[in-house]
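Q: Next up, entry_1.cif (mmCIF, C-alpha atoms and all ligand atoms).
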```
data_query
#
loop_
_atom_site.label_atom_id
_atom_site.label_comp_id
_atom_site.auth_asym_id
_atom_site.auth_seq_id
_atom_site.Cartn_x
_atom_site.Cartn_y
_atom_site.Cartn_z
CA MET M 1 -26.93 6.66 -8.04
CA LYS M 2 -26.83 5.13 -4.58
CA ALA M 3 -23.63 5.28 -2.55
CA ILE M 4 -22.68 4.51 1.03
CA VAL M 5 -21.34 7.79 2.34
CA LEU M 6 -19.60 8.97 5.46
CA GLU M 7 -20.08 12.63 6.32
CA ARG M 8 -16.63 12.93 7.93
CA LEU M 9 -13.64 10.83 9.02
CA ASP M 10 -14.64 10.49 12.63
CA LYS M 11 -15.35 7.52 14.88
CA ASP M 12 -18.80 8.95 15.65
CA ALA M 13 -19.86 9.33 12.00
CA SER M 14 -21.91 6.50 10.51
CA LEU M 15 -22.24 4.99 7.06
CA GLU M 16 -25.42 6.05 5.28
CA LEU M 17 -26.95 4.79 2.04
CA SER M 18 -27.67 8.01 0.07
CA GLU M 19 -28.47 9.32 -3.40
CA THR M 20 -25.39 11.03 -4.85
CA ALA M 21 -24.35 12.39 -8.23
CA LEU M 22 -22.76 10.08 -10.80
CA PRO M 23 -18.97 10.50 -10.77
CA VAL M 24 -17.39 12.40 -13.66
CA ILE M 25 -14.52 10.56 -15.38
CA GLY M 26 -11.19 12.11 -16.35
CA PRO M 27 -9.39 11.41 -19.66
CA GLY M 28 -7.51 8.39 -18.25
CA GLU M 29 -10.50 6.95 -16.41
CA VAL M 30 -13.44 4.66 -17.05
CA LEU M 31 -16.88 4.64 -15.42
CA ILE M 32 -17.72 1.27 -13.89
CA GLN M 33 -21.17 -0.04 -13.05
CA THR M 34 -20.39 -1.88 -9.83
CA LYS M 35 -21.25 -5.58 -9.58
CA ALA M 36 -19.25 -6.52 -6.49
CA ILE M 37 -17.15 -4.80 -3.82
CA GLY M 38 -14.36 -6.37 -1.80
CA ILE M 39 -14.03 -5.13 1.78
CA ASN M 40 -10.88 -4.95 3.90
CA PRO M 41 -9.81 -4.19 7.47
CA VAL M 42 -8.54 -0.80 6.27
CA ASP M 43 -12.18 0.12 5.60
CA TYR M 44 -13.29 -0.32 9.20
CA LYS M 45 -9.99 1.06 10.52
CA THR M 46 -10.58 4.22 8.48
CA LEU M 47 -14.16 4.31 9.67
CA GLU M 48 -12.98 4.13 13.26
CA ASP M 49 -10.46 6.91 12.68
CA PHE M 50 -7.49 4.73 13.42
CA THR M 51 -5.35 7.33 15.18
CA THR M 52 -2.31 5.66 16.74
CA PRO M 53 0.89 7.57 15.88
CA GLU M 54 2.33 4.56 14.05
CA GLY M 55 -1.03 3.70 12.56
CA LEU M 56 -2.88 4.14 9.35
CA ARG M 57 -3.70 7.74 9.94
CA ALA M 58 0.00 8.59 9.96
CA SER M 59 0.53 6.81 6.66
CA TRP M 60 -2.42 7.39 4.37
CA ALA M 61 -5.58 8.58 6.12
CA PRO M 62 -4.41 12.26 5.90
CA ALA M 63 -5.23 11.99 2.19
CA LEU M 64 -8.88 11.82 3.26
CA ASP M 65 -8.84 14.79 5.64
CA GLY M 66 -11.20 17.56 4.68
CA ILE M 67 -13.03 15.48 2.06
CA SER M 68 -16.77 15.38 2.65
CA PRO M 69 -18.65 13.22 2.18
CA LEU M 70 -16.25 10.28 2.04
CA ILE M 71 -17.07 7.17 0.07
CA LEU M 72 -14.95 4.32 1.41
CA GLY M 73 -13.72 1.25 -0.42
CA SER M 74 -11.13 0.47 -3.06
CA ASP M 75 -11.96 -2.99 -4.41
CA ILE M 76 -14.33 -3.35 -7.32
CA ALA M 77 -15.51 -5.63 -10.10
CA GLY M 78 -18.04 -4.40 -12.65
CA ILE M 79 -18.85 -3.37 -16.21
CA VAL M 80 -17.35 -0.41 -18.07
CA THR M 81 -20.13 2.00 -19.10
CA ALA M 82 -18.04 4.97 -20.31
CA VAL M 83 -14.42 5.46 -21.37
CA GLY M 84 -12.22 8.58 -21.04
CA SER M 85 -10.65 10.11 -24.15
CA GLU M 86 -7.17 8.72 -23.43
CA VAL M 87 -8.19 5.15 -22.53
CA THR M 88 -7.24 2.42 -25.02
CA LYS M 89 -7.13 -0.58 -22.64
CA PHE M 90 -10.90 -0.99 -22.25
CA LYS M 91 -14.15 -0.41 -24.14
CA VAL M 92 -17.77 -0.04 -23.04
CA GLY M 93 -19.14 -3.42 -21.97
CA ASP M 94 -15.84 -4.87 -20.71
CA ALA M 95 -15.94 -6.67 -17.37
CA VAL M 96 -13.10 -5.30 -15.21
CA PHE M 97 -11.73 -5.49 -11.67
CA GLY M 98 -9.12 -3.69 -9.58
CA MET M 99 -8.08 -1.71 -6.52
CA ILE M 100 -8.84 1.95 -7.13
CA LYS M 101 -6.69 4.90 -6.03
CA MET M 102 -4.91 3.20 -3.12
CA PRO M 103 -3.64 4.95 -1.08
CA GLY M 104 -6.35 7.58 -1.39
CA HIS M 105 -10.04 8.03 -1.91
CA GLY M 106 -11.38 5.09 -3.95
CA ARG M 107 -15.10 5.99 -3.67
CA VAL M 108 -16.00 2.38 -4.39
CA TYR M 109 -18.98 1.85 -2.05
CA ALA M 110 -21.22 3.10 -4.87
CA GLU M 111 -23.30 1.91 -7.81
CA TYR M 112 -20.94 3.69 -10.24
CA VAL M 113 -17.23 4.36 -9.78
CA ALA M 114 -14.72 6.49 -11.73
CA ALA M 115 -11.50 4.47 -11.95
CA PRO M 116 -8.10 5.08 -13.56
CA ALA M 117 -7.77 2.53 -16.37
CA ILE M 118 -4.24 1.68 -15.14
CA HIS M 119 -5.72 0.40 -11.84
CA LEU M 120 -7.84 -2.19 -13.66
CA ALA M 121 -7.53 -5.47 -15.53
CA LYS M 122 -10.10 -7.38 -17.56
CA LYS M 123 -12.01 -9.87 -15.42
CA PRO M 124 -11.09 -13.38 -16.58
CA ASP M 125 -14.18 -15.13 -18.05
CA ASN M 126 -13.69 -18.19 -15.81
CA ILE M 127 -14.27 -16.28 -12.54
CA THR M 128 -17.30 -14.49 -11.11
CA PHE M 129 -17.58 -10.79 -10.31
CA ASN M 130 -17.46 -11.73 -6.62
CA GLU M 131 -14.23 -13.71 -7.07
CA ALA M 132 -12.73 -10.82 -9.05
CA ALA M 133 -13.72 -8.15 -6.49
CA ALA M 134 -12.08 -10.31 -3.80
CA ALA M 135 -8.75 -10.52 -5.67
CA THR M 136 -7.85 -6.85 -5.40
CA LEU M 137 -6.36 -5.13 -2.30
CA ALA M 138 -5.60 -8.41 -0.48
CA ALA M 139 -4.28 -10.11 -3.62
CA ILE M 140 -2.18 -7.10 -4.68
CA THR M 141 -0.73 -6.89 -1.17
CA ALA M 142 0.29 -10.54 -1.35
CA TRP M 143 1.61 -10.16 -4.92
CA GLN M 144 3.73 -7.07 -4.18
CA ASN M 145 5.27 -8.71 -1.11
CA VAL M 146 6.31 -11.91 -2.89
CA ASN M 147 7.27 -10.32 -6.23
CA THR M 148 8.55 -6.80 -5.51
CA HIS M 149 9.47 -6.12 -1.88
CA TYR M 150 11.04 -9.59 -1.80
CA VAL M 151 11.32 -11.81 -4.86
CA VAL M 152 10.39 -15.34 -3.76
CA LYS M 153 12.56 -17.99 -5.39
CA LYS M 154 12.09 -21.73 -5.84
CA GLY M 155 13.06 -23.47 -2.63
CA ASP M 156 12.68 -20.39 -0.38
CA ARG M 157 11.12 -21.03 3.00
CA VAL M 158 8.23 -18.61 3.44
CA LEU M 159 6.15 -18.20 6.60
CA VAL M 160 2.76 -16.48 6.28
CA THR M 161 0.92 -15.31 9.39
CA ALA M 162 -2.90 -15.05 9.44
CA PRO M 163 -2.81 -17.42 6.42
CA ALA M 164 -6.58 -17.99 6.36
CA GLY M 165 -7.32 -14.26 6.05
CA GLY M 166 -7.75 -12.16 2.94
CA VAL M 167 -4.08 -11.37 2.36
CA GLY M 168 -2.80 -14.62 3.82
CA HIS M 169 -4.81 -16.95 1.61
CA TYR M 170 -3.52 -15.26 -1.55
CA ALA M 171 0.05 -15.15 -0.16
CA ILE M 172 0.03 -18.90 0.54
CA GLN M 173 -1.07 -19.64 -3.04
CA MET M 174 1.28 -17.13 -4.70
CA ALA M 175 4.37 -18.18 -2.74
CA LYS M 176 3.57 -21.84 -3.46
CA GLU M 177 3.12 -21.09 -7.16
CA LYS M 178 6.62 -19.57 -7.17
CA GLY M 179 8.08 -22.81 -5.83
CA ALA M 180 8.55 -21.90 -2.17
CA TYR M 181 8.13 -24.21 0.81
CA VAL M 182 5.21 -22.45 2.49
CA ILE M 183 4.42 -22.52 6.21
CA GLY M 184 1.19 -21.10 7.65
CA LEU M 185 1.31 -19.85 11.24
CA THR M 186 -2.23 -20.17 12.57
CA ASN M 187 -4.46 -22.04 15.01
CA ALA M 188 -5.88 -25.57 14.89
CA ALA M 189 -9.29 -24.38 13.61
CA ASN M 190 -7.73 -23.00 10.40
CA ALA M 191 -5.07 -25.68 9.90
CA ASP M 192 -6.85 -28.06 7.49
CA TRP M 193 -8.21 -25.24 5.37
CA VAL M 194 -4.81 -23.53 5.06
CA ARG M 195 -3.24 -26.87 4.04
CA HIS M 196 -6.07 -27.29 1.51
CA ILE M 197 -5.22 -23.98 -0.20
CA GLY M 198 -1.56 -24.95 -0.53
CA ALA M 199 0.50 -24.68 2.67
CA ASP M 200 3.20 -27.37 2.99
CA GLU M 201 3.26 -27.10 6.76
CA ILE M 202 1.21 -25.57 9.55
CA ILE M 203 2.60 -24.24 12.79
CA ASP M 204 0.01 -23.83 15.52
CA TYR M 205 0.85 -20.68 17.47
CA ASN M 206 -0.92 -22.09 20.52
CA ASN M 207 1.41 -25.05 20.55
CA PHE M 208 4.81 -23.85 19.35
CA ASP M 209 7.72 -22.51 21.38
CA PHE M 210 9.54 -20.06 19.10
CA GLU M 211 12.39 -19.66 21.57
CA GLN M 212 13.06 -23.36 22.15
CA ALA M 213 12.43 -24.66 18.61
CA ASP M 214 15.27 -25.18 16.11
CA SER M 215 15.62 -22.35 13.61
CA LEU M 216 13.04 -22.56 10.82
CA GLN M 217 15.56 -20.90 8.44
CA LEU M 218 12.97 -18.61 6.89
CA ASN M 219 13.79 -16.49 3.86
CA LEU M 220 10.58 -14.47 4.13
CA VAL M 221 8.06 -13.87 6.89
CA LEU M 222 4.93 -12.21 5.54
CA ASP M 223 3.49 -10.97 8.81
CA SER M 224 -0.03 -10.22 7.80
CA GLY M 225 -1.59 -10.76 11.23
CA GLY M 226 1.04 -9.12 13.44
CA ARG M 227 0.24 -11.18 16.54
CA TYR M 228 3.92 -11.29 17.55
CA PRO M 229 6.83 -8.83 17.47
CA ALA M 230 9.53 -9.27 14.82
CA SER M 231 11.97 -10.23 17.60
CA LEU M 232 10.16 -13.57 18.00
CA TYR M 233 11.07 -14.56 14.44
CA GLU M 234 14.70 -13.37 14.50
CA LYS M 235 16.24 -16.71 15.48
CA HIS M 236 14.25 -18.34 12.66
CA PHE M 237 15.65 -16.07 9.91
CA ALA M 238 17.95 -17.48 7.22
CA PRO M 239 20.84 -15.14 6.29
CA GLY M 240 19.47 -12.06 4.44
CA ALA M 241 15.86 -12.82 5.42
CA ALA M 242 13.02 -10.34 5.02
CA LEU M 243 10.05 -9.78 7.34
CA PHE M 244 7.24 -7.58 6.10
CA HIS M 245 4.81 -6.44 8.74
CA LEU M 246 1.45 -5.36 7.32
CA PRO M 247 -0.80 -4.05 10.13
CA HIS M 248 1.16 -0.83 10.81
CA PRO M 249 4.55 0.87 10.33
CA LEU M 250 7.48 -0.26 12.52
CA LYS M 251 9.73 1.92 14.66
CA PRO M 252 12.77 3.28 12.72
CA ALA M 253 15.12 2.08 15.50
CA ASP M 254 13.82 -1.49 15.16
CA MET M 255 14.25 -1.45 11.38
CA ALA M 256 17.79 -0.07 11.76
CA TYR M 257 18.64 -2.88 14.22
CA TYR M 258 17.60 -5.59 11.75
CA GLN M 259 19.30 -3.79 8.87
CA SER M 260 22.57 -3.83 10.84
CA LYS M 261 22.23 -7.63 10.99
CA GLY M 262 21.58 -7.95 7.26
CA PHE M 263 17.81 -8.47 7.52
CA ASP M 264 15.10 -6.48 5.74
CA VAL M 265 12.40 -5.89 8.35
CA ARG M 266 9.80 -3.21 7.62
CA TYR M 267 6.20 -2.25 6.98
CA THR M 268 5.11 -2.46 3.36
CA GLY M 269 2.08 -0.55 2.11
CA VAL M 270 -0.05 -1.71 -0.81
CA PHE M 271 -0.50 0.64 -3.75
CA SER M 272 -2.55 0.53 -6.96
CA GLU M 273 -0.30 -0.82 -9.71
CA GLU M 274 -1.11 -1.89 -13.26
CA LYS M 275 1.47 -4.68 -13.51
CA ALA M 276 0.21 -6.21 -10.25
CA ILE M 277 -3.48 -6.34 -11.24
CA ASP M 278 -2.57 -7.59 -14.74
CA ALA M 279 -0.43 -10.38 -13.21
CA ILE M 280 -3.24 -11.31 -10.82
CA ALA M 281 -5.70 -11.54 -13.72
CA LEU M 282 -3.37 -14.08 -15.37
CA LEU M 283 -3.00 -16.10 -12.15
CA LEU M 284 -6.80 -16.22 -11.76
CA GLU M 285 -7.34 -17.12 -15.39
CA SER M 286 -4.82 -19.98 -15.21
CA GLY M 287 -6.38 -21.28 -11.99
CA LYS M 288 -3.00 -21.06 -10.22
CA VAL M 289 -4.61 -18.69 -7.70
CA LYS M 290 -8.23 -18.76 -6.55
CA SER M 291 -10.38 -16.40 -4.54
CA TYR M 292 -12.08 -18.13 -1.64
CA ILE M 293 -15.26 -16.33 -0.64
CA ASP M 294 -16.11 -16.54 3.04
CA SER M 295 -19.48 -14.81 2.77
CA VAL M 296 -21.52 -12.49 0.58
CA PHE M 297 -23.59 -9.52 1.76
CA ALA M 298 -26.05 -7.25 -0.08
CA PHE M 299 -25.17 -3.59 -0.71
CA ASN M 300 -27.57 -2.38 1.98
CA GLU M 301 -25.88 -4.75 4.46
CA MET M 302 -22.47 -3.01 4.33
CA LYS M 303 -22.38 -2.32 8.07
CA ALA M 304 -23.05 -5.99 8.80
CA ALA M 305 -20.34 -6.99 6.33
CA LEU M 306 -17.80 -4.75 8.08
CA THR M 307 -18.87 -6.06 11.49
CA ALA M 308 -18.37 -9.63 10.24
CA MET M 309 -14.90 -8.80 8.92
CA LYS M 310 -13.95 -7.24 12.25
CA GLN M 311 -14.48 -10.59 13.99
CA GLY M 312 -11.14 -11.66 12.46
CA THR M 313 -12.38 -15.15 11.65
CA THR M 314 -12.80 -14.76 7.88
CA LYS M 315 -11.60 -17.63 5.69
CA GLY M 316 -10.67 -15.88 2.45
CA LYS M 317 -12.68 -12.77 1.61
CA ILE M 318 -15.99 -11.10 2.37
CA VAL M 319 -17.70 -9.62 -0.69
CA VAL M 320 -20.63 -7.20 -1.05
CA GLU M 321 -22.85 -7.65 -4.12
CA VAL M 322 -24.38 -4.67 -5.87
CA SER M 323 -27.45 -5.38 -7.98
CA ASN M 324 -28.24 -2.49 -10.27
N1 LIG O 401 0.18 -2.86 4.79
C1 LIG O 401 -0.71 -3.10 3.84
O1 LIG O 401 -0.60 -2.66 2.70
C2 LIG O 401 -1.89 -3.98 4.17
C3 LIG O 401 -2.65 -4.53 3.14
C4 LIG O 401 -3.68 -5.39 3.46
C5 LIG O 401 -3.97 -5.67 4.79
N2 LIG O 401 -3.22 -5.08 5.76
C6 LIG O 401 -3.45 -5.39 7.17
O2 LIG O 401 -3.11 -6.78 7.33
C7 LIG O 401 -3.97 -7.36 8.29
C8 LIG O 401 -4.66 -8.59 7.67
O3 LIG O 401 -5.51 -8.19 6.62
P1 LIG O 401 -6.54 -9.24 5.99
O4 LIG O 401 -7.26 -8.58 4.90
O5 LIG O 401 -5.83 -10.52 5.70
O6 LIG O 401 -7.51 -9.44 7.25
P2 LIG O 401 -8.49 -10.63 7.65
O7 LIG O 401 -8.94 -11.35 6.44
O8 LIG O 401 -9.51 -10.06 8.55
O9 LIG O 401 -7.54 -11.59 8.51
C9 LIG O 401 -8.11 -12.57 9.29
C10 LIG O 401 -7.01 -13.25 10.10
O10 LIG O 401 -6.45 -12.33 11.02
C11 LIG O 401 -5.96 -13.02 12.17
N3 LIG O 401 -6.41 -12.32 13.37
C12 LIG O 401 -7.66 -12.29 13.89
N4 LIG O 401 -7.69 -11.56 15.01
C13 LIG O 401 -6.44 -11.11 15.21
C14 LIG O 401 -5.81 -10.31 16.21
N5 LIG O 401 -6.50 -9.81 17.23
N6 LIG O 401 -4.50 -10.02 16.07
C15 LIG O 401 -3.80 -10.49 15.03
N7 LIG O 401 -4.32 -11.28 14.06
C16 LIG O 401 -5.62 -11.57 14.16
C17 LIG O 401 -6.55 -14.42 12.11
O11 LIG O 401 -5.49 -15.32 11.74
P3 LIG O 401 -4.69 -16.24 12.80
O12 LIG O 401 -5.65 -16.66 13.86
O13 LIG O 401 -4.24 -17.34 11.93
O14 LIG O 401 -3.59 -15.37 13.32
C18 LIG O 401 -7.57 -14.35 10.97
O15 LIG O 401 -7.65 -15.56 10.24
C19 LIG O 401 -4.94 -6.25 8.74
O16 LIG O 401 -4.40 -5.64 9.89
C20 LIG O 401 -4.90 -5.28 7.59
O17 LIG O 401 -5.26 -3.97 7.94
C21 LIG O 401 -2.20 -4.24 5.48
#
```
Show the structure stored in the file as structure tokens.
A:
Amino acid sequence: MKAIVLERLDKDASLELSETALPVIGPGEVLIQTKAIGINPVDYKTLEDFTTPEGLRASWAPALDGISPLILGSDIAGIVTAVGSEVTKFKVGDAVFGMIKMPGHGRVYAEYVAAPAIHLAKKPDNITFNEAAAATLAAITAWQNVNTHYVVKKGDRVLVTAPAGGVGHYAIQMAKEKGAYVIGLTNAANADWVRHIGADEIIDYNNFDFEQADSLQLNLVLDSGGRYPASLYEKHFAPGAALFHLPHPLKPADMAYYQSKGFDVRYTGVFSEEKAIDAIALLLESGKVKSYIDSVFAFNEMKAALTAMKQGTTKGKIVVEVSN
């Protein structure tokens, strides 16, 4: 099969399209013929050997050390072509989607992928493989932050930063679906689109004085973009508020400071979880949540797809199609 491999985790290594052996499945795994791959900033950050002490490398990239060659990627939609002896959830021919082995080595930039059955859900019939591959890492991140790390309740005031991005656009829809009043913090160019996907209010960060404005009384800040420090939001917290910062872990002293004031301010890291992907399948099937596809690239255009994502101007998700 063809796969996009990386000889080592090093900023000077490059992605190469190569012939590699078909993966071997374990008893709890299925083999998937890939139809579409979702890409994420973590892919290019890993590729660039993101080495800051508080960064990705400190949290999950060590799991990749010493593995050669690496096959990046975690987000897949495709067709089951073989089933491990312990798998009862799927059969050959099922269309499935999910985020594989996160944190860890997903090996998804490939024509065939071995995936734990518990990381997958059936693809709803009403959505395409591209829409399913999109609704994986970014959608699970959004889901876990509004359902697990903080449980959004009807009437909560939720602020989402980078709301037009992969995570943000799912978070806006999911928080809205749970009955929250949802505010997107973004710029004028994204404002109409973020309202269109469900935000009740837009705050333009180029035109808003956080220090002078009255408190926004936020119950949850989902800080997906991380443009500003948590301290900027503090006066806008409601009692007991949570702020989850996604780009990288926060300093323990900062978290302790907020904890002493009754706030829950921390980094949250996405992880593969059966109940999350099953819940997302239901949200997609019901139409309560949609994947918005910014652009689609071919498998042999992976480098261009990652370069496009790095621009930071994506509306929704970038997807890579695999025709095999
Ligand atoms: N902790 C986790 O488990 C986890 C999971 C998923 C993603 N992440 C991280 O969360 C972030 C967002 O992921 P994503 O998939 O939503 O990415 P994305 O789709 O690329 O996000 C695009 C948005 O990012 C904002 N942005 C662009 N340049 C920026 C800059 N220099 N600084 C800050 N924000 C900028 C823009 O929004 P505005 O102009 O509106 O600010 C843009 O609309 C990434 O850092 C990613 O690595 C973490």
Q: Ranking M:Thr314, M:Thr136, M:Ser295, M:Ser231 by minimum distance to ligand LIG 401 (chain O) and counting only C-alpha atoms and all ligand atoms, which one comes first?
A: M:Thr314
Q: Please extract the residues at most 7 Å from ligand LIG 401 (chain O), counting only C-alpha atoms and all ligand atoms, and provide them as a count of residues only, using the chain letters and residue numbers of this document.
A: 38
Q: Could you give me, as a PyMOL selection string, the residues within 9 Å of Ile127 of chain M, counting only C-alpha atoms and dropping anything in the same chain fewer than 2 positions from it?
A: chain M and resi 123-125+129-132+284-285+290-291
Q: Can you build me a table of segment 30-95 of chain M residues sitting at most 6 Å from segment 105-109 of chain M, with the closest atom pair per residue and its distance in Å to one decimal, using only C-alpha atoms, sorted by chain and residue number, as a Markdown table?
A:
```
| residue | atom | partner | partner_atom | distance |
| --- | --- | --- | --- | --- |
| M:Ile71 | CA | M:Arg107 | CA | 4.4 |
| M:Leu72 | CA | M:Arg107 | CA | 5.3 |
| M:Gly73 | CA | M:Val108 | CA | 4.7 |
| M:Ser74 | CA | M:Gly106 | CA | 4.7 |
```
Q: Rounded to one decimal, what separation in Å do you get between atom CA of Asp209 of chain M and atom CA of Tyr233 of chain M?
A: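 Distance between the two atoms: 11.1 Å.
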Q: Would you please work out which residue, of M:Ile100, M:Ala180, M:Ala171, M:Ala133, is nearest to Val319 of chain M when using all atoms listed in the file?
A: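 Of all the options, M:Ala133 lies closest to Val319 of chain M.
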Q: I'd like the interatomic distance between atom CA of Ala82 of chain M and atom CA of Glu321 of chain M, to a tenth of an Å.
A: 21.1 Å
Q: Quick one: distance from atom CA of Arg195 of chain M to atom CA of Lys288 of chain M in Å, one decimal?
A: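 One can read the atom CA of Arg195 of chain M to atom CA of Lys288 of chain M distance as 15.4 Å.
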Q: Point out the residue among M:Gly155, M:Pro249, M:Pro116, M:Gly84 with the least atom-to-atom distance to Lys101 of chain M, counting only C-alpha atoms.
A: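 Of M:Gly155, M:Pro249, M:Pro116, M:Gly84, the one nearest Lys101 of chain M, counting only C-alpha atoms, is M:Pro116.
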Q: Quick one: residues within 10 Å of Gly93 of chain M, only C-alpha atoms counted, chain neighbours fewer than 5 positions away excluded, as a PyMOL selection string?
A: chain M and resi 32-33+78-82
Q: Selection from above, C-alpha atoms, as an mmCIF file, in the coordinates of the input, can you write it?
A:
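File written: result-v3.cif
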```cif
data_model
loop_
_atom_site.group_PDB
_atom_site.id
_atom_site.type_symbol
_atom_site.label_atom_id
_atom_site.label_comp_id
_atom_site.auth_asym_id
_atom_site.auth_seq_id
_atom_site.Cartn_x
_atom_site.Cartn_y
_atom_site.Cartn_z
ATOM 1 C CA ILE M 32 -17.720 1.270 -13.890
ATOM 2 C CA GLN M 33 -21.170 -0.040 -13.050
ATOM 3 C CA GLY M 78 -18.040 -4.400 -12.650
ATOM 4 C CA ILE M 79 -18.850 -3.370 -16.210
ATOM 5 C CA VAL M 80 -17.350 -0.410 -18.070
ATOM 6 C CA THR M 81 -20.130 2.000 -19.100
ATOM 7 C CA ALA M 82 -18.040 4.970 -20.310
#
```
Q: Rank nothing, just name the residue among M:Ala3, M:Ile197, M:Leu220, M:Ile293 nearest to Val160 of chain M, using all atoms listed in the file.
A: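 Closest residue, counting all atoms listed in the file: M:Leu220.
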Q: Between M:Ser272, M:Gln259, M:Gln212, M:Thr128, which has the minimum distance to Gly98 of chain M (counting all atoms listed in the file)?
A: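 Result for the nearest residue to Gly98 of chain M: M:Ser272.
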Q: Excluding same-chain residues fewer than 3 positions from segment 250-253 of chain M, what lies within 8 Å of it counting all atoms listed in the file, as a VMD selection string?
A: chain M and resid 54 245 256 to 257 266 to 267
